[in-house]
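Trainee: Attaching a single structure in structure tokens format; questions to follow.
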Amino acid sequence: SMSDDIVKVTESGIVMVPDNSISTAKIQDGSVTLSKLASDSTARFTFAGSGQPNGVVTGIVGEKYVDTDATAGAVEWIKMSGTGNTGWEVSVGDTGWRAVTDLLLNGWLTAADRITIRRQNNVVTLMLGDMDGRSATTDVIMTLPSGFRPNWQYNVPSYTTSGATSSRSVNAVYTGTVTWCGTPRPTYENALFTYLTSDAWPTTLPGSASGSIPA
């Protein structure tokens, strides 16, 4: 039987599949043709290719793109603005947990893999575990990489390993700077951030994988 989808292959090899809004009955009786679809300004396609689409794939607002490589955890993109090859934003993406202990600065310490970060679409979760600031030279704990920075300023309380909230807190700002607030600096305290980001999806991921998607 004829599929509800029509597949169109361009010279560049990118496959475009229209959304299932066209019935096979109309296609069979000739009222809908490929040439009409190609010239229809209201038609929207889903592209499939290898790699991220910005700067590469031309589309119109509302079209989708599937990265078959899931580069940096981004699988599906949607065209949000413009008519050229930019303006694509991730609609389905998950970096998985990334261990980023190597981002610690200024003498801040933690147990192995206790500083982790994850981005799911435009939501970032940052877990700061067992923070040890006894040897730190400043209150700046780390700088978050592009792709994971908050869209504004967020402040969360720190808590001890027993789960009790302390009188101190941790601050994260849109520049990526994460700072300890209060005295004394901690001996094995924790903090958990969940915030929105307006950053473009990263092209490469920081640190190393910690677990697997979607764990």
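Every chain in the structure tokens takes a letter, A first, then B, and so on in the order presented; its residues are numbered from 1, and the ligands are numbered from 1 following the presented order.
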Write out as JSON lines the residues of range 71-92 of chain A that have any atom within 8 Å of an atom of range 55-63 of chain A, one row each with the nearest atom pair and its distance in Å to one decimal, counting only C-alpha atoms, sorted by chain and then rising number.
Mentor:
```
{"residue": "A:Ile78", "atom": "CA", "partner": "A:Glu63", "partner_atom": "CA", "distance": 5.8}
{"residue": "A:Lys79", "atom": "CA", "partner": "A:Val61", "partner_atom": "CA", "distance": 4.8}
{"residue": "A:Met80", "atom": "CA", "partner": "A:Val61", "partner_atom": "CA", "distance": 5.3}
{"residue": "A:Ser81", "atom": "CA", "partner": "A:Val61", "partner_atom": "CA", "distance": 5.5}
{"residue": "A:Gly82", "atom": "CA", "partner": "A:Ile60", "partner_atom": "CA", "distance": 6.6}
{"residue": "A:Thr83", "atom": "CA", "partner": "A:Ile60", "partner_atom": "CA", "distance": 4.8}
{"residue": "A:Gly84", "atom": "CA", "partner": "A:Thr58", "partner_atom": "CA", "distance": 5.0}
{"residue": "A:Asn85", "atom": "CA", "partner": "A:Thr58", "partner_atom": "CA", "distance": 4.0}
{"residue": "A:Thr86", "atom": "CA", "partner": "A:Gly55", "partner_atom": "CA", "distance": 5.4}
```
Trainee: What's the 9 Å shell around range 101-112 of chain A, counting only C-alpha atoms, without same-chain residues fewer than 6 positions away, as a PyMOL selection string?
Mentor: chain A and resi 128-145+188+206-207
Trainee: For N, CA, C and O atoms, I'd like the residues from the last selection saved as a compact mmCIF listing (two decimals), in the first residue's frame.
Mentor:
```
# COMPACT_ATOMS: atom_id res chain seq x y z
N LEU A 128 26.59 20.03 42.10
CA LEU A 128 27.87 20.27 42.74
C LEU A 128 27.91 19.42 44.00
O LEU A 128 27.23 19.71 44.99
N GLY A 129 28.70 18.36 43.97
CA GLY A 129 28.72 17.42 45.08
C GLY A 129 30.04 17.45 45.84
O GLY A 129 31.12 17.53 45.24
N ASP A 130 29.95 17.38 47.18
CA ASP A 130 31.13 17.31 48.03
C ASP A 130 32.12 18.44 47.74
O ASP A 130 33.33 18.21 47.62
N MET A 131 31.61 19.66 47.63
CA MET A 131 32.50 20.80 47.38
C MET A 131 33.41 21.02 48.59
O MET A 131 32.96 21.05 49.73
N ASP A 132 34.69 21.16 48.29
CA ASP A 132 35.69 21.38 49.35
C ASP A 132 36.45 22.66 49.02
O ASP A 132 37.25 22.70 48.08
N GLY A 133 36.17 23.71 49.80
CA GLY A 133 36.80 24.99 49.53
C GLY A 133 37.87 25.38 50.52
O GLY A 133 38.31 26.53 50.56
N ARG A 134 38.32 24.43 51.32
CA ARG A 134 39.30 24.76 52.37
C ARG A 134 40.61 25.27 51.80
O ARG A 134 41.30 26.08 52.43
N SER A 135 40.99 24.78 50.60
CA SER A 135 42.25 25.23 49.99
C SER A 135 42.03 26.26 48.88
O SER A 135 42.97 26.64 48.18
N ALA A 136 40.77 26.70 48.70
CA ALA A 136 40.46 27.64 47.62
C ALA A 136 41.04 29.01 47.90
O ALA A 136 41.08 29.48 49.04
N THR A 137 41.48 29.67 46.83
CA THR A 137 42.07 31.00 46.95
C THR A 137 41.05 32.11 46.72
O THR A 137 41.29 33.26 47.09
N THR A 138 39.92 31.81 46.05
CA THR A 138 38.82 32.77 45.87
C THR A 138 37.50 32.02 45.98
O THR A 138 37.47 30.78 46.06
N ASP A 139 36.40 32.77 45.95
CA ASP A 139 35.07 32.17 46.02
C ASP A 139 34.57 31.66 44.67
O ASP A 139 33.51 31.03 44.59
N VAL A 140 35.29 31.94 43.58
CA VAL A 140 34.87 31.48 42.25
C VAL A 140 35.18 29.99 42.13
O VAL A 140 36.34 29.58 42.16
N ILE A 141 34.13 29.20 41.97
CA ILE A 141 34.28 27.74 41.94
C ILE A 141 34.64 27.24 40.55
O ILE A 141 35.52 26.39 40.38
N MET A 142 33.95 27.77 39.52
CA MET A 142 34.15 27.27 38.16
C MET A 142 33.51 28.24 37.18
O MET A 142 32.77 29.15 37.58
N THR A 143 33.82 28.04 35.90
CA THR A 143 33.15 28.76 34.83
C THR A 143 32.47 27.75 33.92
O THR A 143 33.13 26.84 33.39
N LEU A 144 31.17 27.89 33.74
CA LEU A 144 30.42 26.96 32.90
C LEU A 144 30.73 27.21 31.43
O LEU A 144 30.87 28.36 31.00
N PRO A 145 30.83 26.16 30.63
CA PRO A 145 31.13 26.33 29.20
C PRO A 145 29.91 26.84 28.44
O PRO A 145 28.77 26.69 28.87
N TYR A 188 32.93 19.73 52.14
CA TYR A 188 32.01 18.71 51.65
C TYR A 188 30.55 19.13 51.78
O TYR A 188 29.77 18.54 52.51
N PRO A 206 31.51 19.07 27.17
CA PRO A 206 32.60 19.20 28.15
C PRO A 206 32.79 17.90 28.93
O PRO A 206 31.90 17.05 29.02
N GLY A 207 33.97 17.77 29.52
CA GLY A 207 34.22 16.66 30.43
C GLY A 207 34.08 15.30 29.79
O GLY A 207 34.37 15.11 28.61
```
Trainee: Pick out each residue of range 117-154 of chain A that DSSP on the backbone tags as strand (DSSP E); I need them as a ChimeraX atom specification.
Mentor: /A:117-120,123-132,140-143,154
Trainee: With distances taken over only C-alpha atoms, which residue among A:Thr46, A:Asn190, A:Ile115, A:Gly96 lies nearest Ala209 in chain A?
Mentor: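 Checking each of A:Thr46, A:Asn190, A:Ile115, A:Gly96 against Ala209 in chain A, counting only C-alpha atoms, the winner is A:Gly96.
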Trainee: One number please: CA of Pro157 in chain A to CA of Gln120 in chain A, in Å, one decimal.
Mentor: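 Separation of CA of Pro157 in chain A and CA of Gln120 in chain A: 22.9 Å.
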Trainee: Using only C-alpha atoms, can you tell me which of A:Ala48, A:Ala43, A:Leu205, A:Val92 comes closest to Arg118 in chain A?
Mentor: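 So, comparing all the options, the nearest one is A:Leu205.
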Trainee: To one decimal in Å, tell me the separation between CA of Val156 in chain A and CA of Thr194 in chain A.
Mentor: 9.5 Å
Trainee: From the options A:Asp94, A:Gln153, A:Val75, A:Val178, which residue's atoms come nearest to Val124 in chain A, counting only C-alpha atoms?
Mentor: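 Of A:Asp94, A:Gln153, A:Val75, A:Val178, the one nearest Val124 in chain A is A:Asp94, counting only C-alpha atoms.
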Trainee: Looking at only C-alpha atoms, which of A:Ser91, A:Thr179, A:Thr187, A:Ser146 is the one that sits closest to Tyr159 in chain A?
Mentor: A:Thr187
Trainee: Between CA of Ser167 in chain A and CA of Thr183 in chain A, what is the distance in Å, rounded to a tenth?
Mentor: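 About the pair CA of Ser167 in chain A and CA of Thr183 in chain A: they are 8.9 Å apart.
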Trainee: Of the residues A:Thr177, A:Ser166, A:Thr204, A:Thr95, which is the one nearest to Thr116 in chain A, using only C-alpha atoms?
Mentor: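 Distance minimum relative to Thr116 in chain A lands on A:Thr95.
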Trainee: I'd like the neighbourhood of Ser169 in chain A as a PDB file with C-alpha atoms, in the first residue's frame, where a residue qualifies if any of its atoms comes within 7 Å (using only C-alpha atoms), though same-chain residues fewer than 6 positions away should be ignored.
Mentor:
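Generated file (result_8.pdb):
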```pdb
ATOM      1  CA  ASN A 155      21.164  31.342  43.601  1.00  0.00           C
ATOM      2  CA  VAL A 156      20.586  28.078  45.485  1.00  0.00           C
ATOM      3  CA  PRO A 157      21.309  27.028  49.090  1.00  0.00           C
ATOM      4  CA  SER A 158      24.087  24.611  49.858  1.00  0.00           C
ATOM      5  CA  TRP A 180      30.403  30.439  46.620  1.00  0.00           C
ATOM      6  CA  CYS A 181      28.453  32.859  48.835  1.00  0.00           C
ATOM      7  CA  GLY A 182      29.107  32.999  52.566  1.00  0.00           C
TER       8      GLY A 182
END
```
